$ cat coords.pdb   # PDB, C-alpha atoms
ATOM      1  CA  MET A   1     141.613 275.715  14.846
ATOM      2  CA  LYS A   2     143.165 273.938  17.815
ATOM      3  CA  ARG A   3     141.423 271.022  19.490
ATOM      4  CA  LYS A   4     139.030 272.215  22.190
ATOM      5  CA  VAL A   5     139.827 271.554  25.827
ATOM      6  CA  THR A   6     136.969 269.549  27.324
ATOM      7  CA  LYS A   7     138.691 267.642  30.153
ATOM      8  CA  ALA A   8     139.984 269.035  33.434
ATOM      9  CA  VAL A   9     141.937 267.461  36.274
ATOM     10  CA  PHE A  10     141.319 268.604  39.847
ATOM     11  CA  PRO A  11     144.111 267.500  42.217
ATOM     12  CA  VAL A  12     142.343 267.287  45.593
ATOM     13  CA  ALA A  13     144.305 264.587  47.416
ATOM     14  CA  GLY A  14     146.018 266.906  49.918
ATOM     15  CA  LEU A  15     145.358 266.516  53.645
ATOM     16  CA  GLY A  16     144.817 270.222  54.269
ATOM     17  CA  THR A  17     146.958 270.171  57.410
ATOM     18  CA  ARG A  18     147.159 273.974  57.532
ATOM     19  CA  PHE A  19     143.438 274.001  58.333
ATOM     20  CA  LEU A  20     143.413 271.453  61.124
ATOM     21  CA  PRO A  21     141.376 270.672  63.130
ATOM     22  CA  ALA A  22     138.591 271.493  60.618
ATOM     23  CA  THR A  23     140.111 269.186  57.986
ATOM     24  CA  LYS A  24     140.204 266.276  60.403
ATOM     25  CA  SER A  25     136.654 265.421  59.339
ATOM     26  CA  ILE A  26     135.989 267.374  56.116
ATOM     27  CA  PRO A  27     138.057 267.818  52.956
ATOM     28  CA  LYS A  28     139.569 271.293  52.694
ATOM     29  CA  GLU A  29     137.886 271.690  49.301
ATOM     30  CA  ILE A  30     134.469 271.553  51.000
ATOM     31  CA  MET A  31     135.269 274.557  53.194
ATOM     32  CA  THR A  32     133.149 277.508  52.112
ATOM     33  CA  LEU A  33     133.651 281.034  50.900
ATOM     34  CA  VAL A  34     130.398 282.611  52.110
ATOM     35  CA  ASP A  35     128.067 279.719  51.191
ATOM     36  CA  ARG A  36     129.861 277.888  48.373
ATOM     37  CA  PRO A  37     132.644 275.330  48.842
ATOM     38  CA  LEU A  38     136.035 276.044  47.281
ATOM     39  CA  ILE A  39     135.502 273.158  44.882
ATOM     40  CA  GLN A  40     132.273 274.715  43.578
ATOM     41  CA  TYR A  41     134.149 277.832  42.478
ATOM     42  CA  ALA A  42     136.586 275.598  40.575
ATOM     43  CA  ILE A  43     133.805 273.585  38.938
ATOM     44  CA  ASP A  44     131.882 276.711  37.907
ATOM     45  CA  GLU A  45     135.035 278.157  36.359
ATOM     46  CA  ALA A  46     135.650 274.945  34.431
ATOM     47  CA  ARG A  47     132.078 274.837  33.151
ATOM     48  CA  ALA A  48     132.363 278.425  31.911
ATOM     49  CA  ALA A  49     135.455 277.378  29.943
ATOM     50  CA  GLY A  50     133.605 274.558  28.180
ATOM     51  CA  ILE A  51     134.864 271.652  30.281
ATOM     52  CA  LYS A  52     132.614 268.592  29.969
ATOM     53  CA  GLU A  53     134.619 265.896  31.784
ATOM     54  CA  PHE A  54     135.821 266.415  35.356
ATOM     55  CA  ILE A  55     138.571 264.197  36.775
ATOM     56  CA  PHE A  56     139.196 264.328  40.512
ATOM     57  CA  VAL A  57     142.464 262.958  41.893
ATOM     58  CA  THR A  58     141.583 262.167  45.482
ATOM     59  CA  SER A  59     142.823 260.236  48.501
ATOM     60  CA  ARG A  60     141.428 258.461  51.545
ATOM     61  CA  GLY A  61     138.920 260.541  53.515
ATOM     62  CA  LYS A  62     137.584 262.549  50.560
ATOM     63  CA  GLY A  63     134.175 260.862  50.353
ATOM     64  CA  ALA A  64     132.401 264.125  51.192
ATOM     65  CA  LEU A  65     133.510 265.475  47.804
ATOM     66  CA  GLU A  66     131.687 262.675  46.007
ATOM     67  CA  ASP A  67     128.591 263.188  48.139
ATOM     68  CA  TYR A  68     128.595 266.929  47.478
ATOM     69  CA  PHE A  69     128.214 266.469  43.714
ATOM     70  CA  ASP A  70     125.565 263.765  44.035
ATOM     71  CA  HIS A  71     121.834 264.413  43.812
ATOM     72  CA  ALA A  72     119.937 264.907  47.090
ATOM     73  CA  PRO A  73     116.336 263.882  46.292
ATOM     74  CA  GLU A  74     114.958 264.311  49.830
ATOM     75  CA  LEU A  75     116.381 267.802  50.189
ATOM     76  CA  GLU A  76     115.221 268.782  46.696
ATOM     77  CA  ASN A  77     111.690 267.506  47.394
ATOM     78  CA  SER A  78     111.594 269.419  50.670
ATOM     79  CA  LEU A  79     112.608 272.664  48.980
ATOM     80  CA  ARG A  80     110.107 272.067  46.194
ATOM     81  CA  LYS A  81     107.235 271.514  48.627
ATOM     82  CA  LYS A  82     108.119 274.704  50.485
ATOM     83  CA  GLY A  83     108.255 276.684  47.245
ATOM     84  CA  LYS A  84     111.891 277.668  47.731
ATOM     85  CA  LYS A  85     112.654 277.897  44.030
ATOM     86  CA  GLU A  86     115.795 280.006  44.366
ATOM     87  CA  LEU A  87     117.419 277.582  46.798
ATOM     88  CA  LEU A  88     116.352 274.676  44.608
ATOM     89  CA  SER A  89     118.027 276.261  41.598
ATOM     90  CA  THR A  90     121.173 276.870  43.645
ATOM     91  CA  LEU A  91     121.204 273.252  44.783
ATOM     92  CA  LYS A  92     120.795 271.913  41.244
ATOM     93  CA  ASN A  93     123.934 273.770  40.182
ATOM     94  CA  THR A  94     125.886 271.456  42.494
ATOM     95  CA  ASN A  95     124.692 268.308  40.728
ATOM     96  CA  MET A  96     126.879 266.568  38.151
ATOM     97  CA  ASP A  97     125.456 264.406  35.368
ATOM     98  CA  SER A  98     126.218 260.701  35.540
ATOM     99  CA  GLY A  99     129.486 259.985  33.767
ATOM    100  CA  ALA A 100     130.653 263.615  33.782
ATOM    101  CA  ILE A 101     132.794 263.199  36.864
ATOM    102  CA  ALA A 102     135.379 260.536  37.700
ATOM    103  CA  TYR A 103     137.509 259.872  40.774
ATOM    104  CA  ILE A 104     141.062 258.538  40.788
ATOM    105  CA  ARG A 105     143.012 257.721  43.958
ATOM    106  CA  GLN A 106     146.522 259.073  44.476
ATOM    107  CA  HIS A 107     147.901 256.501  46.897
ATOM    108  CA  LYS A 108     151.188 258.288  47.602
ATOM    109  CA  ALA A 109     151.715 261.998  48.256
ATOM    110  CA  LEU A 110     154.299 262.527  45.531
ATOM    111  CA  GLY A 111     153.315 265.985  44.348
ATOM    112  CA  LEU A 112     151.260 267.742  41.693
ATOM    113  CA  GLY A 113     153.031 266.108  38.764
ATOM    114  CA  HIS A 114     152.290 262.668  40.162
ATOM    115  CA  ALA A 115     148.640 263.608  40.765
ATOM    116  CA  VAL A 116     148.226 264.617  37.119
ATOM    117  CA  TRP A 117     150.028 261.462  36.007
ATOM    118  CA  CYS A 118     147.525 259.367  38.003
ATOM    119  CA  ALA A 119     144.770 260.632  35.661
ATOM    120  CA  ARG A 120     146.626 259.705  32.452
ATOM    121  CA  ARG A 121     144.293 256.907  31.331
ATOM    122  CA  LEU A 122     141.228 259.133  31.595
ATOM    123  CA  ILE A 123     142.953 262.026  29.839
ATOM    124  CA  GLY A 124     144.035 259.897  26.883
ATOM    125  CA  ASN A 125     145.487 261.706  23.884
ATOM    126  CA  GLU A 126     143.745 265.057  24.359
ATOM    127  CA  PRO A 127     144.733 268.495  25.609
ATOM    128  CA  PHE A 128     143.488 269.016  29.147
ATOM    129  CA  ALA A 129     143.237 271.598  31.885
ATOM    130  CA  VAL A 130     144.461 271.390  35.458
ATOM    131  CA  ILE A 131     142.720 273.462  38.136
ATOM    132  CA  LEU A 132     143.965 273.824  41.701
ATOM    133  CA  PRO A 133     140.924 274.655  43.869
ATOM    134  CA  ASP A 134     143.150 276.394  46.452
ATOM    135  CA  ASP A 135     143.661 279.190  43.936
ATOM    136  CA  VAL A 136     140.343 281.041  43.759
ATOM    137  CA  ILE A 137     140.238 283.768  41.130
ATOM    138  CA  ALA A 138     137.647 286.536  41.096
ATOM    139  CA  ALA A 139     137.301 287.732  37.508
ATOM    140  CA  GLU A 140     134.641 289.196  35.243
ATOM    141  CA  LYS A 141     135.522 286.495  32.715
ATOM    142  CA  PRO A 142     136.642 283.302  34.498
ATOM    143  CA  CYS A 143     140.392 282.701  34.323
ATOM    144  CA  LEU A 144     140.253 279.323  32.587
ATOM    145  CA  GLN A 145     137.869 280.733  29.981
ATOM    146  CA  GLN A 146     140.383 283.497  29.259
ATOM    147  CA  MET A 147     143.051 280.833  28.824
ATOM    148  CA  THR A 148     141.054 278.481  26.604
ATOM    149  CA  GLU A 149     140.223 281.375  24.281
ATOM    150  CA  ALA A 150     143.913 282.300  24.071
ATOM    151  CA  TYR A 151     144.822 278.626  23.585
ATOM    152  CA  GLN A 152     142.750 278.506  20.409
ATOM    153  CA  GLU A 153     145.239 280.976  18.946
ATOM    154  CA  THR A 154     148.469 279.482  20.286
ATOM    155  CA  GLY A 155     148.162 275.771  21.017
ATOM    156  CA  GLY A 156     151.042 274.272  22.994
ATOM    157  CA  CYS A 157     151.083 274.405  26.788
ATOM    158  CA  MET A 158     149.844 277.370  28.768
ATOM    159  CA  VAL A 159     150.123 278.313  32.437
ATOM    160  CA  ALA A 160     148.361 281.099  34.307
ATOM    161  CA  ALA A 161     150.897 283.657  35.521
ATOM    162  CA  MET A 162     150.957 286.643  37.832
ATOM    163  CA  GLU A 163     153.644 288.987  39.062
ATOM    164  CA  VAL A 164     154.696 288.504  42.691
ATOM    165  CA  PRO A 165     157.208 290.342  44.894
ATOM    166  CA  LEU A 166     160.629 288.915  44.086
ATOM    167  CA  GLU A 167     161.213 287.962  47.715
ATOM    168  CA  LYS A 168     158.185 285.635  47.500
ATOM    169  CA  ALA A 169     159.240 283.943  44.242
ATOM    170  CA  SER A 170     160.677 280.992  46.173
ATOM    171  CA  ALA A 171     157.120 279.882  46.983
ATOM    172  CA  TYR A 172     156.167 279.422  43.310
ATOM    173  CA  GLY A 173     157.163 277.977  39.994
ATOM    174  CA  VAL A 174     158.739 280.927  38.168
ATOM    175  CA  LEU A 175     158.902 281.661  34.437
ATOM    176  CA  ASP A 176     162.032 282.458  32.479
ATOM    177  CA  VAL A 177     160.556 284.740  29.814
ATOM    178  CA  LYS A 178     161.791 284.504  26.247
ATOM    179  CA  GLU A 179     159.478 287.113  24.740
ATOM    180  CA  ASP A 180     156.906 289.375  26.339
ATOM    181  CA  LEU A 181     153.814 289.573  24.142
ATOM    182  CA  GLY A 182     151.598 291.566  26.497
ATOM    183  CA  ALA A 183     148.976 289.358  28.106
ATOM    184  CA  MET A 184     150.984 286.401  26.836
ATOM    185  CA  VAL A 185     154.647 285.573  27.320
ATOM    186  CA  SER A 186     156.688 283.004  25.445
ATOM    187  CA  VAL A 187     158.594 280.880  27.948
ATOM    188  CA  ARG A 188     162.267 279.923  27.768
ATOM    189  CA  GLY A 189     162.275 277.921  30.989
ATOM    190  CA  MET A 190     160.594 277.238  34.322
ATOM    191  CA  VAL A 191     162.111 276.894  37.766
ATOM    192  CA  GLU A 192     160.254 275.383  40.719
ATOM    193  CA  LYS A 193     160.624 277.347  43.974
ATOM    194  CA  PRO A 194     163.952 279.018  43.146
ATOM    195  CA  GLU A 195     166.106 280.786  45.696
ATOM    196  CA  VAL A 196     165.410 284.521  45.596
ATOM    197  CA  ASP A 197     168.743 285.409  43.997
ATOM    198  CA  LYS A 198     168.288 282.704  41.341
ATOM    199  CA  ALA A 199     164.731 283.491  40.257
ATOM    200  CA  PRO A 200     164.688 284.228  36.503
ATOM    201  CA  SER A 201     161.781 286.684  36.924
ATOM    202  CA  ASN A 202     158.973 287.584  39.291
ATOM    203  CA  LEU A 203     156.335 286.045  37.003
ATOM    204  CA  ALA A 204     154.913 283.154  38.990
ATOM    205  CA  VAL A 205     152.820 280.196  37.897
ATOM    206  CA  ILE A 206     149.493 279.837  39.714
ATOM    207  CA  GLY A 207     146.956 277.037  39.698
ATOM    208  CA  ARG A 208     145.598 276.975  36.141
ATOM    209  CA  TYR A 209     147.172 274.992  33.311
ATOM    210  CA  ILE A 210     146.336 273.884  29.788
ATOM    211  CA  LEU A 211     148.587 270.991  28.812
ATOM    212  CA  THR A 212     149.188 268.680  25.891
ATOM    213  CA  PRO A 213     149.166 264.897  26.339
ATOM    214  CA  LYS A 214     152.921 264.939  25.677
ATOM    215  CA  VAL A 215     153.331 266.295  29.213
ATOM    216  CA  LEU A 216     152.037 262.949  30.468
ATOM    217  CA  GLN A 217     154.830 261.213  28.553
ATOM    218  CA  SER A 218     157.340 263.491  30.265
ATOM    219  CA  LEU A 219     155.833 262.686  33.659
ATOM    220  CA  ASN A 220     156.566 259.016  32.970
ATOM    221  CA  GLN A 221     160.261 259.886  32.987
ATOM    222  CA  ILE A 222     160.499 262.741  35.483
ATOM    223  CA  LYS A 223     162.377 262.015  38.703
ATOM    224  CA  LYS A 224     161.634 263.607  42.056
ATOM    225  CA  GLY A 225     162.475 267.303  42.112
ATOM    226  CA  ALA A 226     161.994 270.136  44.608
ATOM    227  CA  GLY A 227     160.661 268.941  47.956
ATOM    228  CA  GLY A 228     161.190 265.296  46.973
ATOM    229  CA  GLU A 229     158.075 265.450  44.783
ATOM    230  CA  ILE A 230     157.374 264.894  41.098
ATOM    231  CA  GLN A 231     156.960 268.454  39.894
ATOM    232  CA  LEU A 232     154.553 269.352  37.106
ATOM    233  CA  THR A 233     156.728 272.350  36.250
ATOM    234  CA  ASP A 234     159.630 269.975  35.481
ATOM    235  CA  ALA A 235     157.492 268.134  32.940
ATOM    236  CA  ILE A 236     156.366 271.404  31.353
ATOM    237  CA  ALA A 237     159.986 272.583  31.249
ATOM    238  CA  ASN A 238     160.794 269.403  29.344
ATOM    239  CA  GLU A 239     158.348 270.531  26.660
ATOM    240  CA  ILE A 240     160.535 273.601  26.194
ATOM    241  CA  ASN A 241     163.633 271.416  25.968
ATOM    242  CA  GLU A 242     161.893 269.490  23.172
ATOM    243  CA  ASP A 243     161.285 272.776  21.291
ATOM    244  CA  ARG A 244     157.554 272.750  21.936
ATOM    245  CA  ASP A 245     155.685 275.976  22.665
ATOM    246  CA  VAL A 246     154.970 276.949  26.259
ATOM    247  CA  TYR A 247     153.246 280.207  27.181
ATOM    248  CA  GLY A 248     152.490 282.113  30.331
ATOM    249  CA  TYR A 249     149.170 283.932  30.403
ATOM    250  CA  ARG A 250     148.690 287.062  32.502
ATOM    251  CA  PHE A 251     145.038 286.648  33.424
ATOM    252  CA  SER A 252     142.683 289.464  34.369
ATOM    253  CA  GLY A 253     141.348 289.037  37.881
ATOM    254  CA  GLN A 254     142.303 288.792  41.537
ATOM    255  CA  ARG A 255     143.780 285.590  42.855
ATOM    256  CA  PHE A 256     143.294 284.429  46.439
ATOM    257  CA  ASP A 257     145.529 281.756  47.935
ATOM    258  CA  CYS A 258     142.932 279.795  49.864
ATOM    259  CA  GLY A 259     145.550 277.218  50.778
ATOM    260  CA  SER A 260     146.676 279.672  53.470
ATOM    261  CA  LYS A 261     144.589 280.904  56.383
ATOM    262  CA  ALA A 262     145.264 284.567  55.603
ATOM    263  CA  GLY A 263     144.362 284.131  51.932
ATOM    264  CA  TYR A 264     141.223 282.204  52.844
ATOM    265  CA  LEU A 265     140.075 284.959  55.194
ATOM    266  CA  GLN A 266     140.836 287.634  52.607
ATOM    267  CA  ALA A 267     138.787 285.749  50.025
ATOM    268  CA  THR A 268     135.899 285.348  52.462
ATOM    269  CA  VAL A 269     135.759 289.103  53.037
ATOM    270  CA  ALA A 270     136.145 289.933  49.322
ATOM    271  CA  PHE A 271     133.438 287.504  48.197
ATOM    272  CA  GLY A 272     131.170 288.629  51.026
ATOM    273  CA  LEU A 273     131.508 292.266  49.973
ATOM    274  CA  ALA A 274     130.728 291.235  46.382
ATOM    275  CA  ARG A 275     127.320 289.890  47.426
ATOM    276  CA  PRO A 276     124.637 292.639  47.315
ATOM    277  CA  GLU A 277     122.628 291.093  50.155
ATOM    278  CA  LEU A 278     125.690 291.032  52.447
ATOM    279  CA  ARG A 279     127.707 294.055  51.330
ATOM    280  CA  ASP A 280     126.209 296.817  53.474
ATOM    281  CA  GLU A 281     126.108 294.910  56.753
ATOM    282  CA  LEU A 282     129.609 293.472  56.282
ATOM    283  CA  ALA A 283     131.094 296.816  55.201
ATOM    284  CA  THR A 284     129.565 298.512  58.248
ATOM    285  CA  TYR A 285     131.055 295.861  60.517
ATOM    286  CA  LEU A 286     134.511 296.267  58.958
ATOM    287  CA  ASP A 287     134.330 300.045  59.294
ATOM    288  CA  ASP A 288     133.279 299.725  62.945
ATOM    289  CA  MET A 289     136.114 297.312  63.619
ATOM    290  CA  LYS A 290     138.645 299.645  62.002
ATOM    291  CA  THR A 291     137.349 302.579  64.063
ATOM    292  CA  ALA A 292     137.557 300.519  67.254
ATOM    293  CA  GLN A 293     141.136 299.493  66.545
ATOM    294  CA  GLN A 294     142.182 303.068  65.833
ATOM    295  CA  SER A 295     140.733 304.244  69.133
ATOM    296  CA  VAL A 296     142.725 301.696  71.164
TER     297      VAL A 296
END

$ encode --input "coords.pdb" --output "structure tokens"
Amino acid sequence: MKRKVTKAVFPVAGLGTRFLPATKSIPKEIMTLVDRPLIQYAIDEARAAGIKEFIFVTSRGKGALEDYFDHAPELENSLRKKGKKELLSTLKNTNMDSGAIAYIRQHKALGLGHAVWCARRLIGNEPFAVILPDDVIAAEKPCLQQMTEAYQETGGCMVAAMEVPLEKASAYGVLDVKEDLGAMVSVRGMVEKPEVDKAPSNLAVIGRYILTPKVLQSLNQIKKGAGGEIQLTDAIANEINEDRDVYGYRFSGQRFDCGSKAGYLQATVAFGLARPELRDELATYLDDMKTAQQSV
């Protein structure tokens, strides 16, 4: 039995410039899909996977994230007095127990690998997960839960993977597959944002990882890579060079890239249609809009 994964790192230090001017005053991770912030989807997924310790790598201007997970006694008392039990229950799901969540500052924007490295003292000598809140995954069984269950069989490092059109591979870390095992692939190598004609496959890494503490040792030595940043994929690739197991996991579910405006809008529509109280009205509106466009 492999050691359980109970810690997760959430890199949330980015400025969210693609969503300006909204992100001038609020962190991108607080932006909502229907009525829940992006970060809440990530936290709920981590909880479902058995995560007990939540490590946020933040930057200046992210105070709203800390406030969001704090208790709000006045609001809770108001809801209680008005008998709004359902809203009260919803609000309590946003609260984090004291000591369960920690915040680390990333003072320089040096990439995902550097963000994970910033959390090294809180991670210690344990396997840990990394969740990128921009990647929202709709799945019957949450993606990270799928991965932690598979990890109990394999150990090593594991990355969530999905097939993308080859012409879009240059936007991702891409896997060089050694052996295809179905839902799982054994990985020979990883390339960060390769040119289209140099991509080893169309199997791309998306924002879920389970990593060993040895990756942190590699990050101590990794130099700047693609984009002048310290790339997490380079550190994972080093695990392969050291003959340690690395796997890609083809998760079941639909991934939305909420780091882009188009992906964010697509997710908003999809999650709205998934809500019984919103489905009919929203579907009618979309049908009416489609009809109106066709008649133009």

$ resolve_selection --input "coords.pdb" --expression "the PyMOL selection byres ((chain A and resi 100) around 7)" --output "PyMOL selection string"
chain A and resi 52-54+96-99+101-102

$ write_last_selection --input "coords.pdb" --atoms "C-alpha atoms" --output "compact mmCIF listing (two decimals), in the frame of the given file"
# COMPACT_ATOMS: atom_id res chain seq x y z
CA LYS A 52 132.61 268.59 29.97
CA GLU A 53 134.62 265.90 31.78
CA PHE A 54 135.82 266.42 35.36
CA MET A 96 126.88 266.57 38.15
CA ASP A 97 125.46 264.41 35.37
CA SER A 98 126.22 260.70 35.54
CA GLY A 99 129.49 259.98 33.77
CA ILE A 101 132.79 263.20 36.86
CA ALA A 102 135.38 260.54 37.70

$ closest_atom_pairs --input "coords.pdb" --of "region 68-172 of chain A" --to "region 20-28 of chain A" --cutoff "12 Å" --atoms "only C-alpha atoms" --output "JSON lines"
{"residue": "A:Tyr68", "atom": "CA", "partner": "A:Pro27", "partner_atom": "CA", "distance": 11.0}
{"residue": "A:Pro133", "atom": "CA", "partner": "A:Lys28", "partner_atom": "CA", "distance": 9.5}
{"residue": "A:Asp134", "atom": "CA", "partner": "A:Lys28", "partner_atom": "CA", "distance": 8.8}

$ closest_residue --input "coords.pdb" --among "A:Arg279, A:Arg60, A:Lys4, A:Lys290" --to "His107 (chain A)" --atoms "all atoms listed in the file"
A:Arg60

$ closest_residue --input "coords.pdb" --among "A:Gln145, A:Asp135, A:Glu29, A:Leu122" --to "Gly50 (chain A)" --atoms "all atoms listed in the file"
A:Gln145

$ closest_residue --input "coords.pdb" --among "A:Ile30, A:Ala64, A:Ala49, A:Val130" --to "Thr212 (chain A)" --atoms "all atoms listed in the file"
A:Val130

$ closest_atom_pairs --input "coords.pdb" --of "region 120-177 of chain A" --to "region 267-271 of chain A" --cutoff "10 Å" --atoms "only C-alpha atoms" --output "JSON lines"
{"residue": "A:Val136", "atom": "CA", "partner": "A:Ala267", "partner_atom": "CA", "distance": 8.0}
{"residue": "A:Ile137", "atom": "CA", "partner": "A:Ala267", "partner_atom": "CA", "distance": 9.2}
{"residue": "A:Ala138", "atom": "CA", "partner": "A:Phe271", "partner_atom": "CA", "distance": 8.3}

$ write_last_selection --input "coords.pdb" --atoms "C-alpha atoms" --output "PDB file, keeping the file's coordinate frame"
ATOM      1  CA  VAL A 136     140.343 281.041  43.759  1.00  0.00           C
ATOM      2  CA  ILE A 137     140.238 283.768  41.130  1.00  0.00           C
ATOM      3  CA  ALA A 138     137.647 286.536  41.096  1.00  0.00           C
TER       4      ALA A 138
END

$ closest_residue --input "coords.pdb" --among "A:Asn95, A:Ser218, A:Ser201, A:Gln254" --to "Pro142 (chain A)" --atoms "only C-alpha atoms"
A:Gln254

$ residues_near_point --input "coords.pdb" --point "(140.0, 283.5, 50.0)" --cutoff "7 Å" --atoms "all atoms listed in the file" --output "list in words"
Leu33, Val136, Phe256, Asp257, Cys258, Gly263, Tyr264, Leu265, Gln266, Ala267 and Thr268 of chain A

$ residues_near_point --input "coords.pdb" --point "(120.2, 272.8, 47.3)" --cutoff "10 Å" --atoms "all atoms listed in the file" --output "PyMOL selection string"
chain A and resi 71-73+75-76+78-79+84-95

$ residues_around --input "coords.pdb" --residues "Arg121 (chain A)" --least-positions-apart "4" --cutoff "10 Å" --atoms "all atoms listed in the file" --output "PyMOL selection string"
chain A and resi 117+125+216

$ write_last_selection --input "coords.pdb" --atoms "C-alpha atoms" --output "tab-separated table (two decimals), in the coordinates of the input"
chain	number	residue	atom	x	y	z
A	117	TRP	CA	150.03	261.46	36.01
A	125	ASN	CA	145.49	261.71	23.88
A	216	LEU	CA	152.04	262.95	30.47

$ resolve_selection --input "coords.pdb" --expression "the PyMOL selection byres ((chain A and resi 176) around 6)" --output "JSON, numbers by chain"
{"A": [175, 177, 187, 188, 189, 190, 200]}

$ write_last_selection --input "coords.pdb" --atoms "C-alpha atoms" --output "mmCIF file, in the coordinates of the input"
data_model
loop_
_atom_site.group_PDB
_atom_site.id
_atom_site.type_symbol
_atom_site.label_atom_id
_atom_site.label_comp_id
_atom_site.auth_asym_id
_atom_site.auth_seq_id
_atom_site.Cartn_x
_atom_site.Cartn_y
_atom_site.Cartn_z
ATOM 1 C CA LEU A 175 158.902 281.661 34.437
ATOM 2 C CA VAL A 177 160.556 284.740 29.814
ATOM 3 C CA VAL A 187 158.594 280.880 27.948
ATOM 4 C CA ARG A 188 162.267 279.923 27.768
ATOM 5 C CA GLY A 189 162.275 277.921 30.989
ATOM 6 C CA MET A 190 160.594 277.238 34.322
ATOM 7 C CA PRO A 200 164.688 284.228 36.503
#

$ atom_distance --input "coords.pdb" --atom1 "CA of Met289 (chain A)" --atom2 "CA of Ala274 (chain A)"
19.1 Å

$ closest_residue --input "coords.pdb" --among "A:Leu278, A:Ile230, A:Val9, A:Val196" --to "Tyr103 (chain A)" --atoms "all atoms listed in the file"
A:Val9

$ axis_aligned_box --input "coords.pdb" --around "region 174-193 of chain A" --padding-each-side "5 Å" --output "JSON"
{"center_x": 155.6, "center_y": 283.5, "center_z": 34.1, "size_x": 23.3, "size_y": 26.2, "size_z": 29.8}

$ resolve_selection --input "coords.pdb" --expression "the PyMOL selection byres ((chain A and resi 191) around 6)" --output "list of chain:residue names"
A:Gly173, A:Val174, A:Met190, A:Glu192

$ atom_distance --input "coords.pdb" --atom1 "CA of Met162 (chain A)" --atom2 "CA of Gln106 (chain A)"
28.7 Å

$ closest_residue --input "coords.pdb" --among "A:Ala115, A:Phe128, A:Leu144, A:Asn220" --to "Ile43 (chain A)" --atoms "all atoms listed in the file"
A:Leu144
